[in-house]
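Reproduced below: target33.csv, with CSV, C-alpha atoms.
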```csv
chain,number,residue,atom,x,y,z
A,9,MET,CA,-57.3,-6.5,23.7
A,10,LEU,CA,-59.8,-7.9,26.1
A,11,THR,CA,-58.5,-11.4,25.4
A,12,LEU,CA,-55.0,-10.3,26.1
A,13,LEU,CA,-56.0,-8.7,29.5
A,14,ALA,CA,-58.0,-11.7,30.4
A,15,ARG,CA,-55.0,-14.0,29.7
A,16,LEU,CA,-52.8,-11.8,31.8
A,17,LEU,CA,-55.2,-11.9,34.7
A,18,ARG,CA,-55.4,-15.6,34.2
A,19,ALA,CA,-51.7,-15.9,34.5
A,20,LEU,CA,-51.6,-13.6,37.5
A,21,ASN,CA,-54.3,-15.7,39.2
A,22,SER,CA,-52.9,-19.1,38.2
A,23,GLU,CA,-50.4,-21.2,40.0
A,24,SER,CA,-47.7,-20.6,37.5
A,25,GLY,CA,-44.4,-19.3,38.9
A,26,ALA,CA,-43.9,-15.6,39.5
A,27,TRP,CA,-40.5,-15.9,38.0
A,28,ALA,CA,-42.0,-17.1,34.7
A,29,LEU,CA,-44.1,-13.9,34.5
A,30,ALA,CA,-41.2,-11.8,35.5
A,31,ILE,CA,-39.0,-13.2,32.8
A,32,ALA,CA,-41.8,-12.7,30.3
A,33,PHE,CA,-41.9,-9.0,31.3
A,34,VAL,CA,-38.1,-8.7,31.0
A,35,LEU,CA,-38.0,-10.3,27.5
A,36,GLY,CA,-40.9,-8.1,26.4
A,37,MET,CA,-39.1,-5.0,27.8
A,38,ILE,CA,-35.9,-5.8,25.9
A,39,MET,CA,-37.7,-6.4,22.7
A,40,GLY,CA,-39.8,-3.3,23.2
A,41,PHE,CA,-37.0,-0.9,23.9
A,42,THR,CA,-34.8,-2.0,21.0
A,43,PRO,CA,-35.6,-1.3,17.4
A,44,LEU,CA,-38.0,-4.1,16.2
A,45,TRP,CA,-36.3,-5.4,13.1
A,46,ARG,CA,-33.0,-6.5,14.6
A,47,VAL,CA,-31.4,-10.0,14.8
A,48,HIS,CA,-31.2,-9.9,18.6
A,49,ASN,CA,-35.0,-9.5,18.7
A,50,LEU,CA,-35.4,-12.8,16.8
A,51,VAL,CA,-33.2,-14.4,19.4
A,52,ILE,CA,-35.4,-13.0,22.2
A,53,LEU,CA,-38.6,-14.1,20.4
A,54,LEU,CA,-37.1,-17.6,20.0
A,55,ILE,CA,-36.2,-17.7,23.7
A,56,ALA,CA,-39.7,-16.6,24.6
A,57,LEU,CA,-41.2,-19.3,22.5
A,58,LEU,CA,-38.8,-22.1,23.4
A,59,PHE,CA,-39.0,-21.6,27.1
A,60,ARG,CA,-42.7,-21.0,27.0
A,61,VAL,CA,-42.9,-17.8,28.9
A,62,ASN,CA,-46.3,-16.3,29.4
A,63,LEU,CA,-47.0,-14.7,26.0
A,64,SER,CA,-49.6,-12.3,27.4
A,65,GLY,CA,-47.1,-10.8,29.8
A,66,PHE,CA,-44.5,-10.8,27.0
A,67,ILE,CA,-46.8,-9.0,24.6
A,68,LEU,CA,-48.1,-6.5,27.2
A,69,SER,CA,-44.6,-5.6,28.2
A,70,PHE,CA,-43.5,-5.3,24.6
A,71,VAL,CA,-46.4,-2.9,23.8
A,72,ILE,CA,-45.8,-0.7,26.9
A,73,CYS,CA,-42.0,-0.6,26.4
A,74,SER,CA,-42.4,0.1,22.7
A,75,GLY,CA,-44.4,3.2,23.6
A,76,LEU,CA,-41.8,4.2,26.2
A,77,ALA,CA,-39.0,3.6,23.7
A,78,PHE,CA,-40.1,6.6,21.6
A,79,LEU,CA,-39.7,8.8,24.7
A,80,LEU,CA,-36.4,7.3,25.6
A,81,ASP,CA,-34.8,7.3,22.1
A,82,PRO,CA,-32.7,10.5,22.8
A,83,LEU,CA,-31.3,8.7,25.9
A,84,PHE,CA,-30.7,5.5,23.9
A,85,HIS,CA,-28.9,7.6,21.2
A,86,GLN,CA,-26.7,9.4,23.7
A,87,VAL,CA,-25.7,6.1,25.4
A,88,GLY,CA,-25.0,4.4,22.1
A,89,PHE,CA,-23.1,7.3,20.8
A,90,ALA,CA,-20.9,7.5,23.9
A,91,ILE,CA,-20.2,3.8,23.7
A,92,LEU,CA,-19.4,3.9,20.0
A,93,SER,CA,-17.3,7.0,20.4
A,94,ALA,CA,-15.2,5.6,23.2
A,95,GLU,CA,-11.6,5.9,22.0
A,96,GLY,CA,-10.4,2.6,23.5
A,97,TRP,CA,-13.2,0.7,21.8
A,98,GLN,CA,-12.6,2.0,18.2
A,99,PRO,CA,-10.5,-1.1,17.1
A,100,VAL,CA,-13.3,-3.4,18.4
A,101,TRP,CA,-16.0,-1.5,16.6
A,102,GLN,CA,-14.0,-1.3,13.4
A,103,ALA,CA,-13.3,-5.0,13.5
A,104,MET,CA,-17.0,-5.7,14.1
A,105,TYR,CA,-18.1,-3.4,11.3
A,106,ASP,CA,-15.7,-5.2,8.9
A,107,SER,CA,-17.4,-8.5,9.6
A,108,ALA,CA,-20.6,-9.2,7.7
A,109,PHE,CA,-22.2,-10.9,10.7
A,110,TRP,CA,-21.8,-7.9,13.0
A,111,ARG,CA,-23.1,-5.5,10.3
A,112,VAL,CA,-26.3,-7.6,10.1
A,113,VAL,CA,-26.6,-7.4,13.9
A,114,GLN,CA,-26.4,-3.6,13.5
A,115,PHE,CA,-24.7,-2.7,16.8
A,116,HIS,CA,-23.1,0.1,14.9
A,117,HIS,CA,-26.4,2.0,15.1
A,118,THR,CA,-26.4,4.3,18.2
A,119,ILE,CA,-30.1,3.7,19.1
A,120,THR,CA,-29.7,-0.1,18.7
A,121,LEU,CA,-26.6,-0.3,20.9
A,122,GLY,CA,-27.8,2.2,23.4
A,123,SER,CA,-31.3,0.7,23.9
A,124,LEU,CA,-29.8,-2.8,24.2
A,125,VAL,CA,-27.3,-1.8,26.8
A,126,ILE,CA,-29.9,0.1,28.8
A,127,SER,CA,-32.4,-2.7,28.6
A,128,LEU,CA,-29.9,-5.3,29.6
A,129,ALA,CA,-28.8,-3.1,32.5
A,130,PHE,CA,-32.4,-2.6,33.6
A,131,ALA,CA,-33.4,-6.3,33.1
A,132,PRO,CA,-32.3,-7.6,36.6
A,133,ILE,CA,-34.1,-4.7,38.2
A,134,LEU,CA,-37.3,-5.3,36.3
A,135,ALA,CA,-37.1,-9.1,36.9
A,136,ILE,CA,-36.9,-8.5,40.7
A,137,VAL,CA,-39.5,-5.8,40.8
A,138,SER,CA,-41.9,-7.9,38.6
A,139,PHE,CA,-41.4,-11.0,40.8
A,140,TRP,CA,-42.1,-9.0,43.9
A,141,LEU,CA,-45.2,-7.3,42.4
A,142,VAL,CA,-46.6,-10.6,41.2
A,143,SER,CA,-45.9,-12.2,44.6
A,144,GLN,CA,-47.5,-9.3,46.4
A,145,TYR,CA,-50.5,-9.3,44.1
A,146,ARG,CA,-51.1,-13.0,44.7
A,147,ARG,CA,-50.6,-12.8,48.4
A,148,ARG,CA,-52.4,-9.5,49.3
A,149,ILE,CA,-54.3,-7.9,46.5
A,150,GLN,CA,-56.0,-10.9,44.8
A,151,THR,CA,-58.5,-11.6,47.6
A,152,TRP,CA,-59.2,-8.0,48.3
A,153,PHE,CA,-59.6,-7.3,44.6
A,154,ASN,CA,-62.2,-10.0,44.2
A,155,LYS,CA,-64.4,-8.4,46.9
A,156,LEU,CA,-64.7,-5.1,45.1
A,157,ARG,CA,-68.1,-4.2,43.7
A,158,ILE,CA,-66.6,-3.2,40.4
A,159,VAL,CA,-65.0,-6.6,40.0
A,160,GLN,CA,-68.2,-8.3,40.9
A,161,ALA,CA,-70.0,-6.1,38.3
A,162,LEU,CA,-67.3,-7.0,35.7
A,163,LYS,CA,-67.8,-10.6,36.4
A,164,ALA,CA,-71.3,-10.2,35.0
A,165,ASN,CA,-70.2,-8.8,31.6
A,166,ARG,CA,-68.4,-10.1,28.4
A,167,PHE,CA,-64.9,-9.6,29.9
A,168,TRP,CA,-65.6,-12.1,32.6
A,169,ALA,CA,-67.1,-14.5,30.0
A,170,ILE,CA,-63.9,-14.4,28.0
A,171,TYR,CA,-61.8,-14.8,31.1
A,172,SER,CA,-63.9,-17.8,32.3
A,173,ASN,CA,-63.6,-19.4,28.9
A,174,LEU,CA,-59.8,-19.1,28.9
A,175,ARG,CA,-59.7,-20.4,32.4
A,176,GLY,CA,-61.3,-23.6,31.4
```

Show me this structure written as structure tokens.
Amino acid sequence: MLTLLARLLRALNSESGAWALAIAFVLGMIMGFTPLWRVHNLVILLIALLFRVNLSGFILSFVICSGLAFLLDPLFHQVGFAILSAEGWQPVWQAMYDSAFWRVVQFHHTITLGSLVISLAFAPILAIVSFWLVSQYRRRIQTWFNKLRIVQALKANRFWAIYSNLRG
């Protein structure tokens, strides 16, 4: 866990783009909110690996959002149930369920569909907020943070040694 936090701090303090970190948080959020063993999560993981997003931010976002998902499951169920119960969409859902591909994707499950819809709706907001937070951290907080006595004390222990080794 210390290594993961050290890598995240390294990414925050590096010159890598703030959008790269924001996209990592968004992809981790989508994967964390939706049930884990679904086909769309394989696609998200493939995107994260192909586009080389920051894996520490991705994993941290995934872990946090997985914990939040348990609290939000009733909401995901209600949204998914409302979408699947919409009278005008019944022929679409029936045609999708009759296809083997769409059954494997499992959009006929209320929590899967509801969590995916909510996470996709929240993705642009999280991307913008994450970008702003990373930018503000780098511009304002980073220098102030390094002057704190607790940070200077932490630099003397094992956490800082791990961070320094990762930093190169």

Between atom CA of A:Ser64 and atom CA of A:Met37, what is the distance, to one decimal in Å?
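If I compute the distance from atom CA of A:Ser64 to atom CA of A:Met37, I get 12.8 Å.
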
Can you build me a table of stretch 23-66 of chain A residues sitting at most 10 Å from stretch 136-145 of chain A, with the closest atom pair per residue and its distance in Å to one decimal, using only C-alpha atoms, sorted by chain and residue number, as a tab-separated table?
```
residue	atom	partner	partner_atom	distance
A:Gly25	CA	A:Phe139	CA	9.0
A:Ala26	CA	A:Phe139	CA	5.4
A:Trp27	CA	A:Phe139	CA	5.7
A:Ala28	CA	A:Phe139	CA	8.6
A:Leu29	CA	A:Phe139	CA	7.4
A:Ala30	CA	A:Ser138	CA	5.0
A:Ile31	CA	A:Ser138	CA	8.4
A:Ala32	CA	A:Ser138	CA	9.6
A:Phe33	CA	A:Ser138	CA	7.4
A:Val34	CA	A:Ser138	CA	8.5
```

May I ask which of the residues A:Ile38, A:Ala103, A:Phe78, A:Val71 is the closest one to A:Ala129, counting all atoms listed in the file?
A:Ile38

Give me, as a count of residues only, all polymer residues having an atom no more than 7 Å from A:Ala77, counting only C-alpha atoms and skipping those fewer than 3 positions away in the same chain.
6

Identify which of the residues A:Leu35, A:Ala131, A:Ile67, A:Ala90 lies closest to A:Leu12, counting all atoms listed in the file when measuring atom-to-atom distances.
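When distances to A:Leu12 are compared using all atoms listed in the file, the smallest one comes from A:Ile67.
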
Name the residues in contact with A:Leu16 at a cut-off of 9 Å, using all atoms listed in the file, excluding same-chain residues fewer than 2 positions from it; report them as a PyMOL selection string.
chain A and resi 11-14+18-21+62-65+68

Coordinates-based distance that separates atom CA of A:Leu54 from atom CA of A:Ile91 (Å, one decimal):
27.5 Å

Is it possible to add N, CA, C and O atoms to stretch 104-129 of chain A and hand it back as a PDB file, in the coordinates of the input?
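This went into selection_21.pdb:
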```pdb
ATOM      1  N   MET A 104     -15.636  -5.238  14.200  1.00  0.00           N
ATOM      2  CA  MET A 104     -17.000  -5.700  14.100  1.00  0.00           C
ATOM      3  C   MET A 104     -17.686  -5.251  12.855  1.00  0.00           C
ATOM      4  O   MET A 104     -18.406  -6.006  12.200  1.00  0.00           O
ATOM      5  N   TYR A 105     -17.463  -3.998  12.503  1.00  0.00           N
ATOM      6  CA  TYR A 105     -18.100  -3.400  11.300  1.00  0.00           C
ATOM      7  C   TYR A 105     -17.550  -4.090  10.044  1.00  0.00           C
ATOM      8  O   TYR A 105     -18.266  -4.215   9.052  1.00  0.00           O
ATOM      9  N   ASP A 106     -16.301  -4.504  10.069  1.00  0.00           N
ATOM     10  CA  ASP A 106     -15.700  -5.200   8.900  1.00  0.00           C
ATOM     11  C   ASP A 106     -16.243  -6.563   8.679  1.00  0.00           C
ATOM     12  O   ASP A 106     -16.102  -7.110   7.591  1.00  0.00           O
ATOM     13  N   SER A 107     -16.841  -7.145   9.694  1.00  0.00           N
ATOM     14  CA  SER A 107     -17.400  -8.500   9.600  1.00  0.00           C
ATOM     15  C   SER A 107     -18.874  -8.378   9.136  1.00  0.00           C
ATOM     16  O   SER A 107     -19.645  -7.560   9.653  1.00  0.00           O
ATOM     17  N   ALA A 108     -19.258  -9.208   8.188  1.00  0.00           N
ATOM     18  CA  ALA A 108     -20.600  -9.200   7.700  1.00  0.00           C
ATOM     19  C   ALA A 108     -21.651  -9.523   8.753  1.00  0.00           C
ATOM     20  O   ALA A 108     -22.731  -8.934   8.818  1.00  0.00           O
ATOM     21  N   PHE A 109     -21.307 -10.489   9.623  1.00  0.00           N
ATOM     22  CA  PHE A 109     -22.200 -10.900  10.700  1.00  0.00           C
ATOM     23  C   PHE A 109     -22.579  -9.713  11.588  1.00  0.00           C
ATOM     24  O   PHE A 109     -23.746  -9.476  11.894  1.00  0.00           O
ATOM     25  N   TRP A 110     -21.562  -8.979  12.042  1.00  0.00           N
ATOM     26  CA  TRP A 110     -21.800  -7.900  13.000  1.00  0.00           C
ATOM     27  C   TRP A 110     -22.508  -6.713  12.298  1.00  0.00           C
ATOM     28  O   TRP A 110     -23.225  -5.964  12.952  1.00  0.00           O
ATOM     29  N   ARG A 111     -22.330  -6.552  10.988  1.00  0.00           N
ATOM     30  CA  ARG A 111     -23.100  -5.500  10.300  1.00  0.00           C
ATOM     31  C   ARG A 111     -24.562  -5.862  10.243  1.00  0.00           C
ATOM     32  O   ARG A 111     -25.409  -4.981  10.349  1.00  0.00           O
ATOM     33  N   VAL A 112     -24.878  -7.144  10.093  1.00  0.00           N
ATOM     34  CA  VAL A 112     -26.300  -7.600  10.100  1.00  0.00           C
ATOM     35  C   VAL A 112     -26.905  -7.356  11.472  1.00  0.00           C
ATOM     36  O   VAL A 112     -28.062  -6.962  11.587  1.00  0.00           O
ATOM     37  N   VAL A 113     -26.132  -7.592  12.518  1.00  0.00           N
ATOM     38  CA  VAL A 113     -26.600  -7.400  13.900  1.00  0.00           C
ATOM     39  C   VAL A 113     -26.901  -5.915  14.167  1.00  0.00           C
ATOM     40  O   VAL A 113     -27.744  -5.583  14.983  1.00  0.00           O
ATOM     41  N   GLN A 114     -26.228  -5.035  13.484  1.00  0.00           N
ATOM     42  CA  GLN A 114     -26.400  -3.600  13.500  1.00  0.00           C
ATOM     43  C   GLN A 114     -26.155  -2.936  14.859  1.00  0.00           C
ATOM     44  O   GLN A 114     -26.839  -2.008  15.273  1.00  0.00           O
ATOM     45  N   PHE A 115     -25.119  -3.405  15.522  1.00  0.00           N
ATOM     46  CA  PHE A 115     -24.700  -2.700  16.800  1.00  0.00           C
ATOM     47  C   PHE A 115     -23.970  -1.448  16.474  1.00  0.00           C
ATOM     48  O   PHE A 115     -23.633  -0.724  17.406  1.00  0.00           O
ATOM     49  N   HIS A 116     -23.709  -1.143  15.221  1.00  0.00           N
ATOM     50  CA  HIS A 116     -23.100   0.100  14.900  1.00  0.00           C
ATOM     51  C   HIS A 116     -24.061   1.277  14.849  1.00  0.00           C
ATOM     52  O   HIS A 116     -23.668   2.419  14.689  1.00  0.00           O
ATOM     53  N   HIS A 117     -25.354   0.990  15.036  1.00  0.00           N
ATOM     54  CA  HIS A 117     -26.400   2.000  15.100  1.00  0.00           C
ATOM     55  C   HIS A 117     -26.468   2.487  16.595  1.00  0.00           C
ATOM     56  O   HIS A 117     -26.588   1.651  17.498  1.00  0.00           O
ATOM     57  N   THR A 118     -26.454   3.779  16.810  1.00  0.00           N
ATOM     58  CA  THR A 118     -26.400   4.300  18.200  1.00  0.00           C
ATOM     59  C   THR A 118     -27.664   3.893  18.978  1.00  0.00           C
ATOM     60  O   THR A 118     -27.548   3.493  20.138  1.00  0.00           O
ATOM     61  N   ILE A 119     -28.827   3.985  18.376  1.00  0.00           N
ATOM     62  CA  ILE A 119     -30.100   3.700  19.100  1.00  0.00           C
ATOM     63  C   ILE A 119     -30.127   2.176  19.408  1.00  0.00           C
ATOM     64  O   ILE A 119     -30.547   1.767  20.502  1.00  0.00           O
ATOM     65  N   THR A 120     -29.716   1.350  18.472  1.00  0.00           N
ATOM     66  CA  THR A 120     -29.700  -0.100  18.700  1.00  0.00           C
ATOM     67  C   THR A 120     -28.819  -0.469  19.859  1.00  0.00           C
ATOM     68  O   THR A 120     -29.228  -1.173  20.789  1.00  0.00           O
ATOM     69  N   LEU A 121     -27.597   0.006  19.816  1.00  0.00           N
ATOM     70  CA  LEU A 121     -26.600  -0.300  20.900  1.00  0.00           C
ATOM     71  C   LEU A 121     -27.045   0.284  22.208  1.00  0.00           C
ATOM     72  O   LEU A 121     -27.032  -0.385  23.244  1.00  0.00           O
ATOM     73  N   GLY A 122     -27.425   1.549  22.202  1.00  0.00           N
ATOM     74  CA  GLY A 122     -27.800   2.200  23.400  1.00  0.00           C
ATOM     75  C   GLY A 122     -29.032   1.597  24.089  1.00  0.00           C
ATOM     76  O   GLY A 122     -29.075   1.378  25.300  1.00  0.00           O
ATOM     77  N   SER A 123     -30.051   1.284  23.290  1.00  0.00           N
ATOM     78  CA  SER A 123     -31.300   0.700  23.900  1.00  0.00           C
ATOM     79  C   SER A 123     -31.002  -0.728  24.370  1.00  0.00           C
ATOM     80  O   SER A 123     -31.545  -1.127  25.402  1.00  0.00           O
ATOM     81  N   LEU A 124     -30.154  -1.482  23.684  1.00  0.00           N
ATOM     82  CA  LEU A 124     -29.800  -2.800  24.200  1.00  0.00           C
ATOM     83  C   LEU A 124     -29.039  -2.780  25.454  1.00  0.00           C
ATOM     84  O   LEU A 124     -29.323  -3.533  26.393  1.00  0.00           O
ATOM     85  N   VAL A 125     -28.080  -1.880  25.542  1.00  0.00           N
ATOM     86  CA  VAL A 125     -27.300  -1.800  26.800  1.00  0.00           C
ATOM     87  C   VAL A 125     -28.153  -1.336  27.944  1.00  0.00           C
ATOM     88  O   VAL A 125     -28.081  -1.908  29.041  1.00  0.00           O
ATOM     89  N   ILE A 126     -29.008  -0.339  27.729  1.00  0.00           N
ATOM     90  CA  ILE A 126     -29.900   0.100  28.800  1.00  0.00           C
ATOM     91  C   ILE A 126     -30.876  -0.941  29.216  1.00  0.00           C
ATOM     92  O   ILE A 126     -31.115  -1.174  30.406  1.00  0.00           O
ATOM     93  N   SER A 127     -31.454  -1.635  28.250  1.00  0.00           N
ATOM     94  CA  SER A 127     -32.400  -2.700  28.600  1.00  0.00           C
ATOM     95  C   SER A 127     -31.781  -3.849  29.301  1.00  0.00           C
ATOM     96  O   SER A 127     -32.363  -4.412  30.228  1.00  0.00           O
ATOM     97  N   LEU A 128     -30.568  -4.207  28.900  1.00  0.00           N
ATOM     98  CA  LEU A 128     -29.900  -5.300  29.600  1.00  0.00           C
ATOM     99  C   LEU A 128     -29.452  -4.867  31.017  1.00  0.00           C
ATOM    100  O   LEU A 128     -29.458  -5.683  31.943  1.00  0.00           O
ATOM    101  N   ALA A 129     -29.113  -3.596  31.178  1.00  0.00           N
ATOM    102  CA  ALA A 129     -28.800  -3.100  32.500  1.00  0.00           C
ATOM    103  C   ALA A 129     -30.002  -3.043  33.414  1.00  0.00           C
ATOM    104  O   ALA A 129     -29.917  -3.283  34.617  1.00  0.00           O
TER     105      ALA A 129
END
```
